[in-house]
Structure formats: structure tokens, C-alpha cells
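Chemist: The file below is input39.pdb, PDB, C-alpha atoms:
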ATOM      1  CA  MET A 328     -69.922 -11.480 -13.342
ATOM      2  CA  ALA A 329     -67.608  -8.535 -13.369
ATOM      3  CA  HIS A 330     -65.415  -7.786 -16.335
ATOM      4  CA  GLN A 331     -61.756  -8.271 -15.845
ATOM      5  CA  ILE A 332     -58.587  -7.798 -17.797
ATOM      6  CA  ARG A 333     -55.180  -9.051 -16.790
ATOM      7  CA  ARG A 334     -51.762  -8.137 -18.101
ATOM      8  CA  ARG A 335     -48.339  -9.405 -17.130
ATOM      9  CA  VAL A 336     -44.912  -8.117 -18.074
ATOM     10  CA  SER A 337     -41.443  -9.280 -17.129
ATOM     11  CA  LEU A 338     -39.150  -6.378 -16.377
ATOM     12  CA  PRO A 339     -35.364  -6.849 -16.158
ATOM     13  CA  PHE A 340     -35.122  -4.675 -13.045
ATOM     14  CA  PRO A 341     -34.946  -5.363  -9.308
ATOM     15  CA  LEU A 342     -38.147  -5.609  -7.299
ATOM     16  CA  GLN A 343     -37.485  -2.496  -5.212
ATOM     17  CA  GLU A 344     -36.855  -0.389  -8.269
ATOM     18  CA  VAL A 345     -40.048  -1.537  -9.944
ATOM     19  CA  TRP A 346     -42.020  -0.998  -6.747
ATOM     20  CA  GLN A 347     -40.729   2.537  -6.514
ATOM     21  CA  ALA A 348     -41.689   3.251 -10.118
ATOM     22  CA  VAL A 349     -45.166   1.809  -9.577
ATOM     23  CA  THR A 350     -45.927   3.616  -6.316
ATOM     24  CA  ASP A 351     -44.091   6.936  -6.320
ATOM     25  CA  PRO A 352     -46.506   9.581  -7.627
ATOM     26  CA  GLU A 353     -43.826  11.426  -9.577
ATOM     27  CA  ALA A 354     -42.615   8.225 -11.177
ATOM     28  CA  ILE A 355     -46.163   7.082 -11.937
ATOM     29  CA  SER A 356     -46.921  10.352 -13.671
ATOM     30  CA  GLU A 357     -44.060   9.614 -16.034
ATOM     31  CA  TRP A 358     -45.519   6.386 -17.372
ATOM     32  CA  PHE A 359     -49.222   6.441 -16.630
ATOM     33  CA  GLY A 360     -50.405   8.832 -19.293
ATOM     34  CA  ALA A 361     -51.852  10.999 -16.544
ATOM     35  CA  ARG A 362     -50.777  13.349 -13.807
ATOM     36  CA  VAL A 363     -51.147  11.192 -10.749
ATOM     37  CA  ARG A 364     -51.508  12.223  -7.146
ATOM     38  CA  PHE A 365     -51.312   9.389  -4.761
ATOM     39  CA  GLU A 366     -51.216   8.945  -1.018
ATOM     40  CA  LEU A 367     -49.438   5.658  -0.505
ATOM     41  CA  ARG A 368     -51.403   4.266   2.429
ATOM     42  CA  VAL A 369     -54.585   2.254   2.761
ATOM     43  CA  GLY A 370     -57.475   4.689   2.450
ATOM     44  CA  GLY A 371     -55.239   7.281   0.812
ATOM     45  CA  ARG A 372     -56.829   9.436  -1.862
ATOM     46  CA  ALA A 373     -55.661   9.309  -5.420
ATOM     47  CA  SER A 374     -56.433  11.399  -8.462
ATOM     48  CA  PHE A 375     -55.555  10.962 -12.094
ATOM     49  CA  GLU A 376     -55.719  13.720 -14.641
ATOM     50  CA  GLY A 377     -55.337  12.306 -18.108
ATOM     51  CA  ASP A 378     -53.432  13.930 -20.932
ATOM     52  CA  ASP A 379     -56.829  14.276 -22.616
ATOM     53  CA  GLY A 380     -58.217  16.160 -19.596
ATOM     54  CA  GLU A 381     -60.274  13.296 -18.226
ATOM     55  CA  ARG A 382     -60.216  13.102 -14.456
ATOM     56  CA  LEU A 383     -60.489  10.051 -12.263
ATOM     57  CA  GLU A 384     -60.601   9.833  -8.519
ATOM     58  CA  GLY A 385     -59.360   6.918  -6.524
ATOM     59  CA  ARG A 386     -58.682   5.403  -3.179
ATOM     60  CA  VAL A 387     -55.821   3.132  -2.177
ATOM     61  CA  GLU A 388     -57.072  -0.238  -0.964
ATOM     62  CA  VAL A 389     -53.966  -2.363  -0.474
ATOM     63  CA  VAL A 390     -50.351  -1.388   0.178
ATOM     64  CA  ASP A 391     -48.118  -4.353   0.811
ATOM     65  CA  ALA A 392     -44.621  -3.131  -0.040
ATOM     66  CA  PRO A 393     -42.888  -4.139  -2.163
ATOM     67  CA  ARG A 394     -45.279  -6.629  -3.680
ATOM     68  CA  ARG A 395     -48.878  -5.504  -3.834
ATOM     69  CA  LEU A 396     -50.704  -2.289  -4.531
ATOM     70  CA  ALA A 397     -54.409  -2.015  -5.197
ATOM     71  CA  PHE A 398     -56.710   0.925  -5.629
ATOM     72  CA  LEU A 399     -60.209   1.774  -6.704
ATOM     73  CA  TRP A 400     -60.729   4.407  -9.338
ATOM     74  CA  TRP A 401     -63.749   5.997 -10.859
ATOM     75  CA  PRO A 402     -64.527   8.908 -13.201
ATOM     76  CA  ALA A 403     -64.570  12.152 -11.216
ATOM     77  CA  ASP A 404     -68.093  12.894 -12.432
ATOM     78  CA  ALA A 405     -69.441   9.465 -11.438
ATOM     79  CA  ALA A 406     -70.347   7.846  -8.147
ATOM     80  CA  GLU A 407     -67.732   5.822  -6.345
ATOM     81  CA  ARG A 408     -69.747   2.673  -6.856
ATOM     82  CA  ALA A 409     -68.893   2.946 -10.542
ATOM     83  CA  ALA A 410     -65.324   2.239  -9.485
ATOM     84  CA  ASN A 411     -63.011  -0.261 -11.075
ATOM     85  CA  PHE A 412     -60.579  -2.189  -8.908
ATOM     86  CA  VAL A 413     -56.950  -2.155 -10.012
ATOM     87  CA  GLU A 414     -54.345  -4.422  -8.532
ATOM     88  CA  PHE A 415     -50.603  -4.612  -9.117
ATOM     89  CA  VAL A 416     -48.740  -7.718  -8.050
ATOM     90  CA  LEU A 417     -44.932  -7.695  -8.232
ATOM     91  CA  GLU A 418     -42.975 -10.930  -8.111
ATOM     92  CA  GLU A 419     -39.236 -11.272  -7.848
ATOM     93  CA  VAL A 420     -38.004 -13.674 -10.503
ATOM     94  CA  ASP A 421     -34.641 -14.676 -11.937
ATOM     95  CA  GLY A 422     -33.291 -11.650 -13.730
ATOM     96  CA  GLY A 423     -35.922  -9.187 -12.655
ATOM     97  CA  THR A 424     -39.518  -8.618 -11.648
ATOM     98  CA  ASP A 425     -42.803  -9.834 -13.038
ATOM     99  CA  VAL A 426     -45.609  -7.297 -12.854
ATOM    100  CA  THR A 427     -49.221  -8.384 -13.115
ATOM    101  CA  VAL A 428     -52.004  -5.833 -13.425
ATOM    102  CA  VAL A 429     -55.642  -6.786 -13.036
ATOM    103  CA  GLU A 430     -58.455  -4.303 -13.578
ATOM    104  CA  THR A 431     -61.926  -5.422 -12.583
ATOM    105  CA  SER A 432     -65.117  -3.598 -13.431
ATOM    106  CA  GLN A 433     -67.672  -3.923 -10.673
ATOM    107  CA  ALA A 434     -70.572  -3.480 -13.073
ATOM    108  CA  GLY A 435     -72.914  -6.392 -12.752
ATOM    109  CA  ALA A 436     -71.171  -7.837  -9.728
ATOM    110  CA  GLY A 437     -73.840  -9.028  -7.371
ATOM    111  CA  PRO A 438     -73.847 -10.166  -3.777
ATOM    112  CA  THR A 439     -74.138 -13.795  -4.826
ATOM    113  CA  LEU A 440     -70.981 -13.622  -6.901
ATOM    114  CA  PRO A 441     -68.456 -16.164  -5.629
ATOM    115  CA  ALA A 442     -65.589 -14.002  -4.440
ATOM    116  CA  ALA A 443     -62.928 -16.322  -5.819
ATOM    117  CA  SER A 444     -64.198 -15.889  -9.356
ATOM    118  CA  VAL A 445     -63.406 -12.180  -9.412
ATOM    119  CA  VAL A 446     -59.755 -12.207  -8.445
ATOM    120  CA  PRO A 447     -57.525 -15.021  -7.302
ATOM    121  CA  SER A 448     -57.246 -13.475  -3.866
ATOM    122  CA  GLY A 449     -60.759 -14.137  -2.651
ATOM    123  CA  GLU A 450     -60.036 -12.830   0.800
ATOM    124  CA  ARG A 451     -59.269  -9.307  -0.273
ATOM    125  CA  ARG A 452     -62.182  -9.302  -2.640
ATOM    126  CA  ILE A 453     -64.596 -10.266   0.103
ATOM    127  CA  GLY A 454     -63.296  -7.370   2.172
ATOM    128  CA  PHE A 455     -63.836  -4.997  -0.696
ATOM    129  CA  LEU A 456     -67.324  -6.177  -1.584
ATOM    130  CA  ALA A 457     -68.400  -6.311   2.012
ATOM    131  CA  ARG A 458     -68.161  -2.545   2.273
ATOM    132  CA  VAL A 459     -70.546  -1.987  -0.592
ATOM    133  CA  PRO A 460     -74.065  -1.946   0.823
ATOM    134  CA  ALA A 461     -76.274  -4.618  -0.692
ATOM    135  CA  GLY A 462     -78.473  -3.340  -3.479
ATOM    136  CA  THR A 463     -76.291  -0.414  -4.441
ATOM    137  CA  ARG A 464     -74.330  -2.265  -7.078
ATOM    138  CA  ALA A 465     -75.354  -1.770 -10.653
TER     139      ALA A 465
ATOM    140  CA  MET B1024     -57.440   8.044 -20.671
ATOM    141  CA  SER B1025     -61.083   7.831 -21.603
ATOM    142  CA  ARG B1026     -62.809   4.585 -20.837
ATOM    143  CA  PRO B1027     -65.983   3.281 -22.396
ATOM    144  CA  SER B1028     -68.805   2.876 -19.949
ATOM    145  CA  ASP B1029     -68.686  -0.599 -18.502
ATOM    146  CA  PRO B1030     -71.377  -2.848 -19.898
ATOM    147  CA  THR B1031     -72.901  -5.243 -17.444
ATOM    148  CA  GLY B1032     -71.020  -8.381 -16.675
ATOM    149  CA  ARG B1033     -74.127 -10.423 -17.355
ATOM    150  CA  VAL B1034     -72.888 -11.131 -20.834
ATOM    151  CA  PHE B1035     -69.993 -13.203 -19.571
ATOM    152  CA  ASP B1036     -72.062 -14.705 -16.830
ATOM    153  CA  ALA B1037     -74.549 -15.905 -19.419
ATOM    154  CA  LEU B1038     -71.811 -17.334 -21.596
ATOM    155  CA  ALA B1039     -70.070 -19.122 -18.736
ATOM    156  CA  ASP B1040     -72.511 -22.016 -19.134
ATOM    157  CA  PRO B1041     -71.504 -24.526 -21.849
ATOM    158  CA  THR B1042     -75.094 -25.364 -22.807
ATOM    159  CA  ARG B1043     -75.855 -21.677 -23.245
ATOM    160  CA  ARG B1044     -72.848 -21.317 -25.501
ATOM    161  CA  ARG B1045     -74.231 -24.185 -27.582
ATOM    162  CA  VAL B1046     -77.600 -22.429 -27.749
ATOM    163  CA  VAL B1047     -75.827 -19.292 -28.995
ATOM    164  CA  ARG B1048     -73.959 -21.347 -31.570
ATOM    165  CA  ALA B1049     -77.167 -23.072 -32.717
ATOM    166  CA  LEU B1050     -78.884 -19.696 -33.138
ATOM    167  CA  ALA B1051     -75.891 -18.367 -35.058
ATOM    168  CA  GLU B1052     -75.903 -21.393 -37.364
ATOM    169  CA  SER B1053     -79.647 -21.795 -37.866
ATOM    170  CA  GLY B1054     -80.909 -18.241 -37.550
ATOM    171  CA  PRO B1055     -84.045 -17.346 -35.582
ATOM    172  CA  SER B1056     -85.509 -20.491 -34.039
ATOM    173  CA  SER B1057     -88.213 -21.577 -31.625
ATOM    174  CA  ALA B1058     -87.369 -23.282 -28.345
ATOM    175  CA  THR B1059     -88.848 -26.516 -29.723
ATOM    176  CA  GLU B1060     -86.594 -26.400 -32.773
ATOM    177  CA  LEU B1061     -83.567 -25.686 -30.611
ATOM    178  CA  ALA B1062     -84.399 -28.412 -28.110
ATOM    179  CA  ALA B1063     -84.456 -30.998 -30.909
ATOM    180  CA  GLY B1064     -80.689 -30.592 -31.203
ATOM    181  CA  PHE B1065     -79.974 -30.786 -27.473
ATOM    182  CA  PRO B1066     -79.854 -33.613 -24.973
ATOM    183  CA  VAL B1067     -81.928 -31.511 -22.575
ATOM    184  CA  THR B1068     -85.654 -30.802 -22.309
ATOM    185  CA  ARG B1069     -87.390 -27.972 -24.123
ATOM    186  CA  GLN B1070     -88.051 -26.455 -20.727
ATOM    187  CA  ALA B1071     -84.339 -26.403 -19.953
ATOM    188  CA  VAL B1072     -83.643 -24.740 -23.292
ATOM    189  CA  VAL B1073     -86.295 -22.108 -22.505
ATOM    190  CA  LYS B1074     -84.510 -21.370 -19.221
ATOM    191  CA  HIS B1075     -81.209 -20.920 -21.015
ATOM    192  CA  LEU B1076     -82.876 -18.671 -23.564
ATOM    193  CA  GLN B1077     -84.311 -16.633 -20.716
ATOM    194  CA  ALA B1078     -80.838 -16.151 -19.220
ATOM    195  CA  LEU B1079     -79.511 -15.110 -22.626
ATOM    196  CA  ARG B1080     -82.389 -12.643 -22.990
ATOM    197  CA  GLU B1081     -81.596 -11.109 -19.612
ATOM    198  CA  ALA B1082     -78.020 -10.647 -20.756
ATOM    199  CA  GLY B1083     -79.332  -8.935 -23.882
ATOM    200  CA  LEU B1084     -77.817 -11.565 -26.154
ATOM    201  CA  VAL B1085     -81.094 -12.940 -27.450
ATOM    202  CA  GLU B1086     -84.378 -11.345 -28.473
ATOM    203  CA  ALA B1087     -87.722 -13.106 -28.602
ATOM    204  CA  GLU B1088     -90.574 -12.301 -30.949
ATOM    205  CA  PRO B1089     -93.962 -13.974 -31.002
ATOM    206  CA  ARG B1090     -94.509 -16.063 -34.104
ATOM    207  CA  GLY B1091     -97.712 -18.081 -34.239
ATOM    208  CA  ARG B1092     -98.070 -20.087 -31.065
ATOM    209  CA  GLU B1093     -94.387 -19.981 -30.253
ATOM    210  CA  ARG B1094     -91.737 -17.379 -29.766
ATOM    211  CA  ARG B1095     -88.819 -17.227 -32.088
ATOM    212  CA  TYR B1096     -85.460 -16.354 -30.654
ATOM    213  CA  ARG B1097     -82.685 -14.578 -32.450
ATOM    214  CA  LEU B1098     -79.182 -13.468 -31.506
ATOM    215  CA  THR B1099     -78.360  -9.844 -30.747
ATOM    216  CA  LEU B1100     -74.629  -9.711 -30.311
ATOM    217  CA  ALA B1101     -74.247  -5.999 -29.596
ATOM    218  CA  PRO B1102     -73.766  -6.533 -25.838
ATOM    219  CA  LEU B1103     -70.980  -8.986 -26.557
ATOM    220  CA  ALA B1104     -69.337  -6.426 -28.812
ATOM    221  CA  ASP B1105     -69.640  -3.864 -25.995
ATOM    222  CA  ALA B1106     -68.001  -6.233 -23.548
ATOM    223  CA  THR B1107     -65.112  -7.093 -25.846
ATOM    224  CA  ALA B1108     -64.718  -3.391 -26.662
ATOM    225  CA  TRP B1109     -64.325  -2.731 -22.932
ATOM    226  CA  MET B1110     -61.617  -5.362 -22.708
ATOM    227  CA  ASP B1111     -59.844  -4.085 -25.805
ATOM    228  CA  GLU B1112     -59.939  -0.522 -24.550
ATOM    229  CA  VAL B1113     -58.973  -1.159 -20.929
ATOM    230  CA  GLY B1114     -56.443  -3.829 -21.858
ATOM    231  CA  GLY B1115     -54.958  -1.598 -24.526
ATOM    232  CA  ARG B1116     -54.512   1.198 -21.985
ATOM    233  CA  TRP B1117     -52.578  -1.143 -19.695
ATOM    234  CA  ASP B1118     -50.443  -2.411 -22.578
ATOM    235  CA  GLU B1119     -49.462   1.187 -23.267
ATOM    236  CA  ARG B1120     -48.841   2.027 -19.630
ATOM    237  CA  LEU B1121     -46.756  -1.070 -18.940
ATOM    238  CA  ALA B1122     -44.669  -0.498 -22.062
ATOM    239  CA  SER B1123     -44.175   3.060 -20.877
ATOM    240  CA  LEU B1124     -43.193   1.847 -17.382
ATOM    241  CA  GLU B1125     -40.568  -0.390 -18.930
ATOM    242  CA  ARG B1126     -39.202   2.494 -20.996
ATOM    243  CA  LEU B1127     -38.985   4.662 -17.886
ATOM    244  CA  LEU B1128     -36.987   2.016 -16.024
ATOM    245  CA  HIS B1129     -34.648   1.609 -18.983
ATOM    246  CA  ARG B1130     -34.144   5.387 -19.141
ATOM    247  CA  ARG B1131     -33.304   5.544 -15.460
ATOM    248  CA  HIS B1132     -30.759   2.780 -15.825
ATOM    249  CA  ALA B1133     -29.175   4.373 -18.845
ATOM    250  CA  ARG B1134     -28.873   7.604 -16.832
ATOM    251  CA  ASP B1135     -27.301   5.897 -13.826
ATOM    252  CA  GLN B1136     -24.625   4.156 -15.825
TER     253      GLN B1136
END
Show this structure as C-alpha cells.
Modeler:
Amino acid sequence: MAHQIRRRVSLPFPLQEVWQAVTDPEAISEWFGARVRFELRVGGRASFEGDDGERLEGRVEVVDAPRRLAFLWWPADAAERAANFVEFVLEEVDGGTDVTVVETSQAGAGPTLPAASVVPSGERRIGFLARVPAGTRA
Amino acid sequence: MSRPSDPTGRVFDALADPTRRRVVRALAESGPSSATELAAGFPVTRQAVVKHLQALREAGLVEAEPRGRERRYRLTLAPLADATAWMDEVGGRWDERLASLERLLHRRHARDQ
């Protein structure tokens, strides 16, 4: 089974404002701890250059404004199949916006893995895994 | 932004099974044991215990060494430490980033008012 971490914060700001801060490359660069370049469309390329010089490449997988953003990212010197899957889910709540971030490592994920066990949204996960040729996963 | 290399997810897969967690606990409590010794404390057959031990070996959580006619199994928890280190590291990064996101939004609001 893949590794996964999940974090949730409640922010006292409107959904649109939070969405902008999460998806606008200039805004992201201000809070991400990296210089971020980001093409906000499915299939768009992304790159992250950390304050410590580490570089990651990425690709946008889901853009569902203003509620969901997901991308793959992987170390620039590694193959794309080493990618982790990162998903932001924004929810409008009383007094602000809840932000949930889930990062899933694909290491060890096999074709027999029940999709629903990786992320709650099994449908998207199936789509993602389906593009990885069988036998290429670690 | 450095991230530790991702250890295989087999560790958690192996520990998802409640009987396997009990095997791990028994090995932690009793030290290196044979499958026969372990099976004595379980409501399952020796053969079933051997299968669980095999799964734990594949996950790198258990090592087997021949001892007389039987193998003795002992815990090797390094892979578990690797996995929790991954979660600490990656989770810690997101804690920092999300706190930073919140600060940014507060700054913007302070500026606009």
C-alpha cells in the first residue's frame, strides 16, 4: 500500500481567496518554501525549486476551480514514476475555508491495490493509476 | 524541501492485518521465536502463522534464522522507522507550508484594510 499523509487546516478566509493563494504561481511561491512555476491546466507542467536548491518537476492532474487541485511531483533527477500525488481540496465552511492536503507516495502501489484505499476519490485514482503501465511501478 | 526516499508501502500493507500485528507484538514481547512457539499463543494453525511471518519477512519487518530443525523469527523494525520518518518529514513539510499559507492570507488582509 502506498504511503499517505493528510493535513487539514481551517482558514478564516473566503473560498475564492484561498483558491487564488493555492493556485497562483506567484502566491504559491510566497508560502511554499520554493519558487514555483505552474501552468494551471490539466497536463500543465510545474516546477519547484526549493530554498535549499532541490528541484522537483511536476504535472497538474486535476483543476476543478475553486475546489480541487491535484498534481504529481517528482525529484528532477528521478523518473516520473517516482512521483508523489498531491491533492488539495477546498471546502467552504461557516466563517471560512477548510483546506485538506493529501500527499501519496506511489512506492509499493501495485496493480491489485484497491483504488479506494489510496484516496477517498477512487475514481480519480483509477484514472491516475491506469496510465502507469503495469510492471513499471516500484 | 528535501524528501527522504520513499520506503516501500509494504510495511503498512503487512501491518494492516490484525493477526500480523499480534504476531509482531508477540515477537516484541517474547523475543526471537519459532513459528511453533508463536502458534501456541494464537487461535490459528501453525501454517497460518508461517504465512503471516512470510508476509512480515517480505515487508522487511521480520528476519528468519535457522535454529536446529526450525527457523527462529525476530523483529527488524528499521523499515517501520523509515516509513514513519517519511510521514514525519512529508507531514512536517505540509504543516510548515500550510502555516505559511495562513500567514500569507493574514498579511494580505492586513494590507487591504
Chemist: Once the PyMOL selection byres ((chain A) within 9 of (chain B)) has been evaluated on this model, what residues remain selected, and can you format them as a PDB file with C-alpha atoms, in the frame of the given file?
Modeler:
ATOM      1  CA  MET A 328     -69.922 -11.480 -13.342  1.00  0.00           C
ATOM      2  CA  ALA A 329     -67.608  -8.535 -13.369  1.00  0.00           C
ATOM      3  CA  HIS A 330     -65.415  -7.786 -16.335  1.00  0.00           C
ATOM      4  CA  GLN A 331     -61.756  -8.271 -15.845  1.00  0.00           C
ATOM      5  CA  ILE A 332     -58.587  -7.798 -17.797  1.00  0.00           C
ATOM      6  CA  ARG A 333     -55.180  -9.051 -16.790  1.00  0.00           C
ATOM      7  CA  ARG A 334     -51.762  -8.137 -18.101  1.00  0.00           C
ATOM      8  CA  ARG A 335     -48.339  -9.405 -17.130  1.00  0.00           C
ATOM      9  CA  VAL A 336     -44.912  -8.117 -18.074  1.00  0.00           C
ATOM     10  CA  LEU A 338     -39.150  -6.378 -16.377  1.00  0.00           C
ATOM     11  CA  PRO A 339     -35.364  -6.849 -16.158  1.00  0.00           C
ATOM     12  CA  PHE A 340     -35.122  -4.675 -13.045  1.00  0.00           C
ATOM     13  CA  GLU A 344     -36.855  -0.389  -8.269  1.00  0.00           C
ATOM     14  CA  VAL A 345     -40.048  -1.537  -9.944  1.00  0.00           C
ATOM     15  CA  ALA A 348     -41.689   3.251 -10.118  1.00  0.00           C
ATOM     16  CA  VAL A 349     -45.166   1.809  -9.577  1.00  0.00           C
ATOM     17  CA  ALA A 354     -42.615   8.225 -11.177  1.00  0.00           C
ATOM     18  CA  ILE A 355     -46.163   7.082 -11.937  1.00  0.00           C
ATOM     19  CA  GLU A 357     -44.060   9.614 -16.034  1.00  0.00           C
ATOM     20  CA  TRP A 358     -45.519   6.386 -17.372  1.00  0.00           C
ATOM     21  CA  PHE A 359     -49.222   6.441 -16.630  1.00  0.00           C
ATOM     22  CA  GLY A 360     -50.405   8.832 -19.293  1.00  0.00           C
ATOM     23  CA  ALA A 361     -51.852  10.999 -16.544  1.00  0.00           C
ATOM     24  CA  GLU A 376     -55.719  13.720 -14.641  1.00  0.00           C
ATOM     25  CA  GLY A 377     -55.337  12.306 -18.108  1.00  0.00           C
ATOM     26  CA  ASP A 378     -53.432  13.930 -20.932  1.00  0.00           C
ATOM     27  CA  ASP A 379     -56.829  14.276 -22.616  1.00  0.00           C
ATOM     28  CA  GLY A 380     -58.217  16.160 -19.596  1.00  0.00           C
ATOM     29  CA  GLU A 381     -60.274  13.296 -18.226  1.00  0.00           C
ATOM     30  CA  ARG A 382     -60.216  13.102 -14.456  1.00  0.00           C
ATOM     31  CA  PRO A 402     -64.527   8.908 -13.201  1.00  0.00           C
ATOM     32  CA  ALA A 409     -68.893   2.946 -10.542  1.00  0.00           C
ATOM     33  CA  VAL A 426     -45.609  -7.297 -12.854  1.00  0.00           C
ATOM     34  CA  VAL A 428     -52.004  -5.833 -13.425  1.00  0.00           C
ATOM     35  CA  GLU A 430     -58.455  -4.303 -13.578  1.00  0.00           C
ATOM     36  CA  SER A 432     -65.117  -3.598 -13.431  1.00  0.00           C
ATOM     37  CA  GLN A 433     -67.672  -3.923 -10.673  1.00  0.00           C
ATOM     38  CA  ALA A 434     -70.572  -3.480 -13.073  1.00  0.00           C
ATOM     39  CA  GLY A 435     -72.914  -6.392 -12.752  1.00  0.00           C
ATOM     40  CA  ALA A 436     -71.171  -7.837  -9.728  1.00  0.00           C
ATOM     41  CA  ALA A 465     -75.354  -1.770 -10.653  1.00  0.00           C
TER      42      ALA A 465
END
Chemist: The centre and edge lengths of an axis-aligned box containing all atoms of segment 1071-1077 of chain B present in the file, extended by 4 Å on each side, are to be given in Å to one decimal, as lines of an AutoDock Vina configuration file.
Modeler:
center_x = -83.8
center_y = -21.5
center_z = -21.4
size_x = 13.1
size_y = 17.8
size_z = 12.3
Chemist: Any chance you could work out the residue set of the PyMOL selection byres ((chain B and resi 1047) around 12) here, as an MDAnalysis selection string?
Modeler: chainID B and resid 1034 1037:1046 1048:1056 1061 1072 1075:1076 1078:1080 1084:1086 1096:1100 1103
Chemist: Could you list, as a PyMOL selection string, every residue matched by the PyMOL selection byres ((chain A and resi 399) around 9) in this structure?
Modeler: chain A and resi 373+384-388+397-398+400-401+407+410-414
Chemist: State, in Å with one decimal place, the distance from atom CA of Leu383 of chain A to atom CA of Arg395 of chain A.
Modeler: 21.2 Å
Chemist: Generate a file for segment 1056-1112 of chain B, containing C-alpha atoms, as a PDB file, in the first residue's frame.
Modeler:
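Output file decode_30.pdb follows:
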ATOM      1  CA  SER B1056      10.604 -17.295  18.466  1.00  0.00           C
ATOM      2  CA  SER B1057       9.827 -20.258  16.244  1.00  0.00           C
ATOM      3  CA  ALA B1058       6.556 -20.498  14.339  1.00  0.00           C
ATOM      4  CA  THR B1059       5.507 -23.358  16.635  1.00  0.00           C
ATOM      5  CA  GLU B1060       6.083 -21.250  19.737  1.00  0.00           C
ATOM      6  CA  LEU B1061       4.175 -18.350  18.223  1.00  0.00           C
ATOM      7  CA  ALA B1062       1.291 -20.526  17.071  1.00  0.00           C
ATOM      8  CA  ALA B1063       0.782 -21.783  20.632  1.00  0.00           C
ATOM      9  CA  GLY B1064      -0.475 -18.317  21.553  1.00  0.00           C
ATOM     10  CA  PHE B1065      -2.787 -17.924  18.559  1.00  0.00           C
ATOM     11  CA  PRO B1066      -6.177 -19.328  17.666  1.00  0.00           C
ATOM     12  CA  VAL B1067      -4.865 -20.141  14.189  1.00  0.00           C
ATOM     13  CA  THR B1068      -2.786 -23.010  12.809  1.00  0.00           C
ATOM     14  CA  ARG B1069       0.997 -23.021  12.743  1.00  0.00           C
ATOM     15  CA  GLN B1070       0.741 -22.942   8.975  1.00  0.00           C
ATOM     16  CA  ALA B1071      -1.282 -19.738   9.113  1.00  0.00           C
ATOM     17  CA  VAL B1072       1.290 -18.187  11.431  1.00  0.00           C
ATOM     18  CA  VAL B1073       4.052 -19.177   8.989  1.00  0.00           C
ATOM     19  CA  LYS B1074       2.167 -17.375   6.211  1.00  0.00           C
ATOM     20  CA  HIS B1075       1.896 -14.239   8.310  1.00  0.00           C
ATOM     21  CA  LEU B1076       5.580 -14.459   9.154  1.00  0.00           C
ATOM     22  CA  GLN B1077       6.332 -14.768   5.458  1.00  0.00           C
ATOM     23  CA  ALA B1078       4.379 -11.578   4.724  1.00  0.00           C
ATOM     24  CA  LEU B1079       6.236  -9.792   7.519  1.00  0.00           C
ATOM     25  CA  ARG B1080       9.549 -11.022   6.099  1.00  0.00           C
ATOM     26  CA  GLU B1081       8.658  -9.679   2.664  1.00  0.00           C
ATOM     27  CA  ALA B1082       7.949  -6.321   4.254  1.00  0.00           C
ATOM     28  CA  GLY B1083      11.360  -6.486   5.918  1.00  0.00           C
ATOM     29  CA  LEU B1084       9.847  -6.425   9.394  1.00  0.00           C
ATOM     30  CA  VAL B1085      10.950  -9.903  10.393  1.00  0.00           C
ATOM     31  CA  GLU B1086      14.125 -11.900   9.839  1.00  0.00           C
ATOM     32  CA  ALA B1087      14.394 -15.670   9.981  1.00  0.00           C
ATOM     33  CA  GLU B1088      17.443 -17.647  11.023  1.00  0.00           C
ATOM     34  CA  PRO B1089      17.760 -21.412  11.050  1.00  0.00           C
ATOM     35  CA  ARG B1090      17.992 -22.832  14.546  1.00  0.00           C
ATOM     36  CA  GLY B1091      18.010 -26.609  14.838  1.00  0.00           C
ATOM     37  CA  ARG B1092      15.113 -28.035  12.889  1.00  0.00           C
ATOM     38  CA  GLU B1093      13.124 -24.830  12.963  1.00  0.00           C
ATOM     39  CA  ARG B1094      13.616 -21.248  11.982  1.00  0.00           C
ATOM     40  CA  ARG B1095      13.558 -18.574  14.585  1.00  0.00           C
ATOM     41  CA  TYR B1096      11.976 -15.284  13.707  1.00  0.00           C
ATOM     42  CA  ARG B1097      12.928 -11.933  15.103  1.00  0.00           C
ATOM     43  CA  LEU B1098      11.700  -8.382  14.577  1.00  0.00           C
ATOM     44  CA  THR B1099      13.642  -5.872  12.499  1.00  0.00           C
ATOM     45  CA  LEU B1100      11.838  -2.599  12.897  1.00  0.00           C
ATOM     46  CA  ALA B1101      14.066  -0.425  10.720  1.00  0.00           C
ATOM     47  CA  PRO B1102      11.592  -0.406   7.801  1.00  0.00           C
ATOM     48  CA  LEU B1103       8.868   0.789  10.135  1.00  0.00           C
ATOM     49  CA  ALA B1104      11.140   3.573  11.329  1.00  0.00           C
ATOM     50  CA  ASP B1105      11.784   4.507   7.681  1.00  0.00           C
ATOM     51  CA  ALA B1106       8.074   4.645   6.971  1.00  0.00           C
ATOM     52  CA  THR B1107       7.267   6.784   9.995  1.00  0.00           C
ATOM     53  CA  ALA B1108      10.239   9.016   9.154  1.00  0.00           C
ATOM     54  CA  TRP B1109       8.705   9.562   5.711  1.00  0.00           C
ATOM     55  CA  MET B1110       5.418  10.567   7.287  1.00  0.00           C
ATOM     56  CA  ASP B1111       7.096  12.845   9.809  1.00  0.00           C
ATOM     57  CA  GLU B1112       9.162  14.515   7.122  1.00  0.00           C
TER      58      GLU B1112
END
